[in-house]
Every structure is written in C-alpha cells, then in structure tokens.
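Shown next: run-v2.cif, containing mmCIF, C-alpha atoms and all ligand atoms.
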```
data_entry
loop_
_atom_site.label_atom_id
_atom_site.label_comp_id
_atom_site.auth_asym_id
_atom_site.auth_seq_id
_atom_site.Cartn_x
_atom_site.Cartn_y
_atom_site.Cartn_z
CA MET A 266 137.12 97.57 108.51
CA ARG A 267 133.53 96.78 109.28
CA VAL A 268 130.85 99.26 108.30
CA LEU A 269 127.11 99.51 108.71
CA VAL A 270 124.87 100.84 105.95
CA VAL A 271 121.42 102.02 107.04
CA GLU A 272 119.29 102.50 103.93
CA ASP A 273 115.74 101.40 103.19
CA GLU A 274 115.86 101.66 99.40
CA SER A 275 116.91 98.17 98.37
CA GLY A 276 118.54 99.26 95.10
CA MET A 277 120.74 101.84 96.80
CA ALA A 278 121.50 99.46 99.67
CA ALA A 279 122.63 96.79 97.20
CA VAL A 280 124.87 99.25 95.34
CA LEU A 281 126.47 100.35 98.60
CA ARG A 282 126.91 96.79 99.84
CA ARG A 283 128.53 95.64 96.59
CA GLY A 284 130.71 98.70 96.17
CA LEU A 285 131.97 98.80 99.74
CA THR A 286 132.60 95.04 99.73
CA GLU A 287 134.72 95.48 96.58
CA GLU A 288 136.66 98.16 98.44
CA GLY A 289 137.49 95.59 101.10
CA PHE A 290 134.96 96.52 103.78
CA ALA A 291 132.88 94.02 105.72
CA VAL A 292 129.37 95.40 105.23
CA ASP A 293 126.20 94.95 107.25
CA VAL A 294 122.98 96.49 105.94
CA ALA A 295 119.92 97.58 107.92
CA GLY A 296 116.70 98.61 106.19
CA THR A 297 115.09 100.48 109.06
CA ALA A 298 116.22 103.03 111.61
CA GLN A 299 115.32 100.68 114.46
CA ASP A 300 117.44 97.83 113.06
CA GLY A 301 120.27 100.21 112.25
CA ALA A 302 120.35 101.73 115.73
CA TRP A 303 120.25 98.28 117.31
CA LEU A 304 123.08 96.89 115.14
CA ALA A 305 125.20 100.02 115.68
CA VAL A 306 124.97 99.77 119.46
CA GLU A 307 125.47 95.98 119.53
CA ASN A 308 128.49 95.92 117.21
CA ASP A 309 131.72 97.84 117.12
CA TYR A 310 131.57 99.37 113.63
CA ASP A 311 134.46 101.36 112.22
CA GLY A 312 132.02 103.57 110.34
CA ILE A 313 128.31 104.01 109.61
CA VAL A 314 126.69 105.22 106.39
CA LEU A 315 123.27 106.48 107.39
CA ASP A 316 120.47 107.61 105.09
CA VAL A 317 118.42 110.49 106.49
CA MET A 318 115.13 109.36 104.93
CA LEU A 319 114.10 106.12 106.63
CA PRO A 320 110.59 104.74 107.02
CA ASP A 321 110.36 104.56 110.81
CA MET A 322 112.58 107.38 112.14
CA ASP A 323 114.81 109.92 110.42
CA GLY A 324 118.58 109.68 110.37
CA PHE A 325 118.97 112.68 112.71
CA ALA A 326 117.08 110.82 115.43
CA VAL A 327 119.22 107.74 114.83
CA VAL A 328 122.47 109.71 115.30
CA SER A 329 121.13 111.34 118.47
CA ARG A 330 120.15 107.94 119.79
CA LEU A 331 123.57 106.44 119.03
CA ARG A 332 125.45 109.27 120.69
CA ALA A 333 123.15 109.13 123.72
CA ALA A 334 123.97 105.42 123.96
CA ARG A 335 127.69 106.35 123.88
CA CYS A 336 128.20 104.80 120.45
CA TRP A 337 130.91 106.95 118.87
CA ALA A 338 131.39 105.20 115.52
CA PRO A 339 131.91 107.87 112.83
CA VAL A 340 128.68 108.58 110.94
CA LEU A 341 128.42 109.70 107.30
CA LEU A 342 124.91 111.00 106.62
CA LEU A 343 123.30 110.67 103.22
CA THR A 344 120.88 113.53 102.67
CA ALA A 345 118.43 113.53 99.77
CA ARG A 346 117.84 117.25 99.73
CA ASP A 347 120.60 119.73 99.27
CA SER A 348 119.35 121.67 102.23
CA VAL A 349 121.59 123.63 104.57
CA ASP A 350 119.10 123.02 107.41
CA ASP A 351 119.39 119.25 107.01
CA ARG A 352 123.16 119.34 107.03
CA VAL A 353 123.29 121.61 110.07
CA ARG A 354 120.74 119.43 111.86
CA GLY A 355 122.70 116.28 111.06
CA LEU A 356 126.05 117.64 112.19
CA ASP A 357 124.52 119.12 115.35
CA ALA A 358 122.90 115.77 116.12
CA GLY A 359 126.38 114.22 116.15
CA ALA A 360 127.02 113.10 112.57
CA ASP A 361 130.60 113.57 111.38
CA ASP A 362 130.08 114.29 107.71
CA TYR A 363 127.38 114.26 105.06
CA LEU A 364 126.97 113.56 101.40
CA THR A 365 124.07 114.76 99.25
CA LYS A 366 122.35 112.26 96.96
CA PRO A 367 123.12 111.67 94.16
CA PHE A 368 126.81 111.24 94.93
CA ALA A 369 129.82 109.70 93.26
CA PHE A 370 130.64 106.39 94.89
CA ALA A 371 134.36 107.24 94.90
CA GLU A 372 133.61 110.29 97.03
CA LEU A 373 131.57 108.24 99.49
CA VAL A 374 134.47 105.83 99.92
CA ALA A 375 136.98 108.67 100.32
CA ARG A 376 134.87 110.39 102.98
CA LEU A 377 134.23 107.13 104.79
CA ARG A 378 137.95 106.34 104.86
CA ALA A 379 138.72 109.85 106.16
CA LEU A 380 136.18 109.38 108.97
CA ILE A 381 137.50 105.94 109.84
CA ARG A 382 141.02 107.35 110.12
CA ARG A 383 139.82 109.67 112.88
CA GLY A 384 138.41 106.71 114.80
CA ALA A 385 135.54 106.38 117.23
CA VAL A 386 136.71 109.01 119.67
CA GLU A 387 134.27 110.24 122.25
CA ARG A 388 132.77 113.51 121.02
CA PRO A 389 129.50 114.20 122.76
CA THR A 390 127.27 116.85 121.23
CA VAL A 391 126.29 117.99 124.72
CA LEU A 392 129.00 118.50 127.33
CA THR A 393 128.38 117.48 130.92
CA VAL A 394 130.62 118.02 133.94
CA GLY A 395 129.06 117.23 137.29
CA ASP A 396 125.64 118.82 137.16
CA ILE A 397 126.60 121.47 134.60
CA THR A 398 125.40 120.79 131.05
CA LEU A 399 126.38 122.83 128.00
CA ASP A 400 124.83 122.42 124.55
CA PRO A 401 127.14 124.03 121.95
CA ALA A 402 124.55 123.77 119.16
CA ARG A 403 121.97 125.74 121.11
CA ARG A 404 124.50 127.75 123.16
CA MET A 405 122.61 126.93 126.33
CA VAL A 406 123.79 126.00 129.81
CA TRP A 407 122.03 124.29 132.70
CA ARG A 408 122.91 123.71 136.30
CA GLY A 409 120.89 120.64 137.19
CA ALA A 410 117.50 121.32 135.60
CA ASP A 411 117.82 125.12 135.78
CA GLU A 412 118.94 127.10 132.78
CA VAL A 413 121.87 129.41 133.47
CA VAL A 414 121.88 132.59 131.39
CA LEU A 415 125.38 133.63 130.41
CA THR A 416 126.84 136.45 128.34
CA ALA A 417 128.70 135.46 125.19
CA LYS A 418 132.11 135.73 126.86
CA GLU A 419 131.04 133.95 130.04
CA TYR A 420 129.73 131.17 127.81
CA ALA A 421 133.01 131.02 125.88
CA VAL A 422 135.05 130.78 129.10
CA LEU A 423 132.79 128.04 130.47
CA GLU A 424 132.92 126.06 127.21
CA CYS A 425 136.69 126.23 127.35
CA PHE A 426 136.62 124.60 130.80
CA MET A 427 133.89 122.10 129.85
CA ARG A 428 136.00 120.81 126.96
CA ARG A 429 138.91 120.18 129.32
CA PRO A 430 137.33 118.86 132.52
CA GLY A 431 139.71 118.33 135.42
CA ARG A 432 142.54 120.13 133.63
CA VAL A 433 144.13 123.24 135.06
CA LEU A 434 143.79 126.13 132.62
CA SER A 435 146.13 129.04 133.05
CA ARG A 436 145.18 132.64 132.35
CA THR A 437 147.13 132.30 129.09
CA ASP A 438 145.19 129.16 128.06
CA LEU A 439 141.92 130.99 128.59
CA ILE A 440 143.08 134.13 126.79
CA GLU A 441 144.24 132.05 123.81
CA HIS A 442 140.94 130.23 123.46
CA VAL A 443 138.46 132.96 124.29
CA TRP A 444 139.93 136.28 123.22
CA ASP A 445 141.45 137.51 119.99
CA VAL A 446 144.94 138.87 119.48
CA THR A 447 143.95 142.39 120.47
CA PHE A 448 143.28 141.26 124.06
CA ASP A 449 145.24 143.23 126.62
CA ALA A 450 146.99 140.48 128.57
CA ASP A 451 147.60 142.86 131.47
CA SER A 452 143.91 143.35 132.15
CA ASN A 453 142.15 141.43 134.89
CA LEU A 454 139.26 140.37 132.63
CA VAL A 455 139.96 136.66 133.03
CA GLU A 456 139.62 136.98 136.81
CA VAL A 457 136.46 139.02 136.34
CA TYR A 458 134.84 136.39 134.11
CA VAL A 459 135.84 133.52 136.38
CA GLY A 460 134.28 135.43 139.28
CA GLN A 461 131.05 135.98 137.35
CA LEU A 462 130.89 132.34 136.30
CA ARG A 463 131.30 131.23 139.90
CA LYS A 464 128.26 133.28 140.84
CA LYS A 465 126.24 131.63 138.09
CA VAL A 466 127.36 127.99 138.08
CA GLY A 467 128.43 127.63 141.72
CA ARG A 468 131.46 128.95 143.51
CA HIS A 469 132.92 125.48 144.10
CA ALA A 470 132.71 124.53 140.43
CA LEU A 471 135.72 126.64 139.42
CA GLU A 472 138.62 125.91 141.68
CA THR A 473 141.66 128.19 141.93
CA VAL A 474 144.91 126.28 141.63
CA ARG A 475 147.39 128.61 143.24
CA GLY A 476 150.05 129.91 140.89
CA MET A 477 148.71 127.83 137.97
CA GLY A 478 145.18 128.82 137.06
CA TYR A 479 141.71 127.35 137.41
CA ARG A 480 140.13 123.95 137.18
CA LEU A 481 136.53 122.93 136.58
CA ARG A 482 135.49 120.44 139.24
CA GLU A 483 132.62 118.01 139.13
CA THR A 484 130.16 119.45 141.57
CA ARG A 485 126.59 118.63 142.52
CA LEU A 486 123.97 121.14 143.48
CA ARG A 487 123.97 120.19 147.15
CA GLU A 488 127.61 121.35 147.42
CA MET A 489 126.51 124.89 146.66
CA TYR A 490 124.92 125.03 150.05
CA GLY A 491 127.39 122.79 151.91
CA ASP A 492 130.42 124.00 153.87
CA ASP A 493 132.88 121.70 152.12
CA GLY A 494 135.66 124.29 152.15
CA ALA A 495 135.88 127.72 150.58
CA ASP A 496 137.88 128.58 147.49
CA CA B 1 115.98 106.21 102.20
#
```

What does this structure look like when you write it as structure tokens?
Ligand code: CA
Amino acid sequence: MRVLVVEDESGMAAVLRRGLTEEGFAVDVAGTAQDGAWLAVENDYDGIVLDVMLPDMDGFAVVSRLRAARCWAPVLLLTARDSVDDRVRGLDAGADDYLTKPFAFAELVARLRALIRRGAVERPTVLTVGDITLDPARRMVWRGADEVVLTAKEYAVLECFMRRPGRVLSRTDLIEHVWDVTFDADSNLVEVYVGQLRKKVGRHALETVRGMGYRLRETRLREMYGDDGAD
C-alpha cells in the first residue's frame, strides 16, 4: 500500500514516515499543499494523510482540489484544533475521516487501514447529472447556472434520483428513501412530488418508465424548450 503524507512540520513528517514505513507502507512525504496536491493527482495512492495547517494552502482546499480533479484516494485529515467546524468543513470538502492532534499513532494506522479497505471509490461532494447540480453540504440545487429552490421533500426526492443516475426508481424505492415508516403508501404523494420536481428541474429530466417507476435522465437546458418528445 502506498500512502502520501502531506505535513510541513519536519518532525511530525519524519515520525509519520518512519512509523508508516515500519507498518509496511510505501510512504511519500510532501511539505507543502502544492506539492501534496500535485503528487496526489500524479500518483495512484491508496491513502492520503493530510495536515490541515499547511504554509501555502489549508488542507480543506487541498481536498477540494483533489476531488475536483477526480482523485478519489481516501483522505485522513489531521486537524490541530479540536473544533467541530474544522471537522465538518473537512468532511464536507471531501475528506473521509479526521484525527485531532495530538493522536496515538496506533489509531492513525487503524483509521488509515479502515479507509484503504473502502478503496478509492468515486464519491463526489457535489452531484451532477446533465445540467442539474446538487450540493448536499449546502442543500442547494442548480439547473445550469440558475439556483432551483426546492422544499425539503422535493430536495430529498431529487437527491435520491441524483445518487442513482440512470436507474429506474420505483414508488417503493422512493418511499423507502424519502419518507419514514408512518408514510401512507396508498397516497399519491410520490406522484405529486415528481410532478413538482418536473416543473422545477425540467419536465424531460424525470422520465416515467411505464409500470416500473421513474428515471433521472441527463438533460441539457435547451431540451426544455425543444420538442424532443413528451413524457
Ligand atoms: Ca502543519
């Protein structure tokens, strides 16, 4: 397993390099955010240990940059302050886990191994299907450059589709993911919400698959005004 350590403090970097090497990892060390981001994108690391406090750019910006560059290596953030804000910011930026300094080295290794087991699966922080963009951290949606204002339930239904692009979701799938157990399965609420979403994100975006459910299609704004077939 090859890991990247991004840490500017030479003492801490040396401890991490030595300790992780003893644990059997191949370890590369970067002392700046710029070098770290470059190495991470150029190489296929199994995991990245990233300090938040770096001289040129903070660790949050590094994670955002990596994810934007479609680098999905698992990232363990090292935060100096035990601040909830920092941890939330880091996880929202696309980090997978965090550890607050000072930490026990055994815990760092255990967390790193747990992250590596999950692998570098694609997990964008912002979901995009066609020209619809959804940011779960900010709970905001855009169609092209225009913000789309949704109610909480409309948002939940759309997020359900955005996480499964191209897949047909039945009424039952939607009910299971969006509503709680008290939902009256006989009601027509699912149809109502799908109808409302179509008005807001484009009527061609949510396709009815007869007898099965609905599917989110990749659409572009121009199709809203085209006559490329009705639902
Ligand atoms: Ca540092």

Hey, could you make a per-residue contact list for chain A against ligand CA 1 (chain B) with 7 Å as the cut-off, showing the nearest pair of atoms and its distance in Å to one decimal, counting only C-alpha atoms and all ligand atoms, sorted by chain and number, as a Markdown table?
```
| residue | atom | partner | partner_atom | distance |
| --- | --- | --- | --- | --- |
| A:Glu272 | CA | B:CA1 | CA | 5.3 |
| A:Asp273 | CA | B:CA1 | CA | 4.9 |
| A:Glu274 | CA | B:CA1 | CA | 5.3 |
| A:Asp316 | CA | B:CA1 | CA | 5.5 |
| A:Val317 | CA | B:CA1 | CA | 6.5 |
| A:Met318 | CA | B:CA1 | CA | 4.3 |
| A:Leu319 | CA | B:CA1 | CA | 4.8 |
```

Q: Pick out the closest residue to Ile397 (chain A) from this set: A:Val459, A:Ala291, A:Leu454, A:Val466. Count all atoms listed in the file.
A: A:Val466

Q: Tell me, in Å to one decimal, how far CA of Leu392 (chain A) is from CA of Asp449 (chain A).
A: 29.6 Å

Q. Expressed in Å to a single decimal, how great is the separation between CA of Leu462 (chain A) and CA of Phe426 (chain A)?
A.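 Distance between the two atoms: 11.1 Å.
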
Long-range neighbours of Phe290 (chain A) as a PDB file with C-alpha atoms, in the frame of the given file, 6 Å cut-off, only C-alpha atoms, 3 positions minimum in chain:
```
ATOM      1  CA  MET A 266     137.120  97.570 108.510  1.00  0.00           C
ATOM      2  CA  ARG A 267     133.530  96.780 109.280  1.00  0.00           C
ATOM      3  CA  LEU A 285     131.970  98.800  99.740  1.00  0.00           C
ATOM      4  CA  THR A 286     132.600  95.040  99.730  1.00  0.00           C
TER       5      THR A 286
END
```

Q | Which of A:Arg332, A:Leu343, A:Val270, A:Val374 sits closest to Glu287 (chain A) [using only C-alpha atoms] | A |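 That would be A:Val374, the residue with the smallest distance to Glu287 (chain A).
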
Q.
For region 321-327 of chain A, find every residue with an atom within 12 Å (counting all atoms listed in the file), except residues of its own chain fewer than 3 positions away, and show them as a ChimeraX atom specification.
A. /A:270-273,296-306,313-318,330-334,336,340-345,350-361,363

Q: Please provide the set of residues having any atom within 12 Å of Lys464 (chain A), restricted to all atoms listed in the file, with same-chain residues fewer than 6 positions apart removed, written as a list in words.
A: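 Contacts, in chain order: Arg408, Val413, Val414, Leu415, Glu419, Val457, Tyr458, Ala470, Leu471 and Met489 of chain A.
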
Would you mind exporting C-alpha atoms of the selected residues as an mmCIF file, in the frame of the given file?
```cif
data_model
loop_
_atom_site.group_PDB
_atom_site.id
_atom_site.type_symbol
_atom_site.label_atom_id
_atom_site.label_comp_id
_atom_site.auth_asym_id
_atom_site.auth_seq_id
_atom_site.Cartn_x
_atom_site.Cartn_y
_atom_site.Cartn_z
ATOM 1 C CA ARG A 408 122.910 123.710 136.300
ATOM 2 C CA VAL A 413 121.870 129.410 133.470
ATOM 3 C CA VAL A 414 121.880 132.590 131.390
ATOM 4 C CA LEU A 415 125.380 133.630 130.410
ATOM 5 C CA GLU A 419 131.040 133.950 130.040
ATOM 6 C CA VAL A 457 136.460 139.020 136.340
ATOM 7 C CA TYR A 458 134.840 136.390 134.110
ATOM 8 C CA ALA A 470 132.710 124.530 140.430
ATOM 9 C CA LEU A 471 135.720 126.640 139.420
ATOM 10 C CA MET A 489 126.510 124.890 146.660
#
```

Q: Quote the spacing between CA of Val443 (chain A) and CA of Gly431 (chain A) in Å to one decimal place.
A: 18.4 Å

**Q.** Residue with smallest distance to Glu483 (chain A) - pool A:Gly409, A:Arg463, A:Gly395, A:His442, counting all atoms listed in the file
**A.**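 Between A:Gly409, A:Arg463, A:Gly395, A:His442, the residue approaching Glu483 (chain A) most closely is A:Gly395.
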
(Q) Applying 12 Å and all atoms listed in the file, which residues near Ala410 (chain A) remain after dropping the ones on its own chain fewer than 2 positions away? List them as a list in words. (A)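 Those residues are Asp396, Ile397, Thr398, Leu399, Met405, Val406, Trp407, Arg408, Glu412, Val413, Arg485 and Leu486 of chain A.
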
(Q) Residues within 12 Å of (140.1, 121.2, 129.9), file coordinates, counting all atoms listed in the file: what are they? Give the list as a ChimeraX atom specification. (A) /A:392,394,422-435,438-439,442,471,478-482

Q. Could you list as a PyMOL selection string every residue that has an atom within 12 Å of (136.1, 102.2, 110.6), using the file's coordinates and counting only C-alpha atoms?
A. chain A and resi 266-269+289-292+308-314+337-341+374+376-386
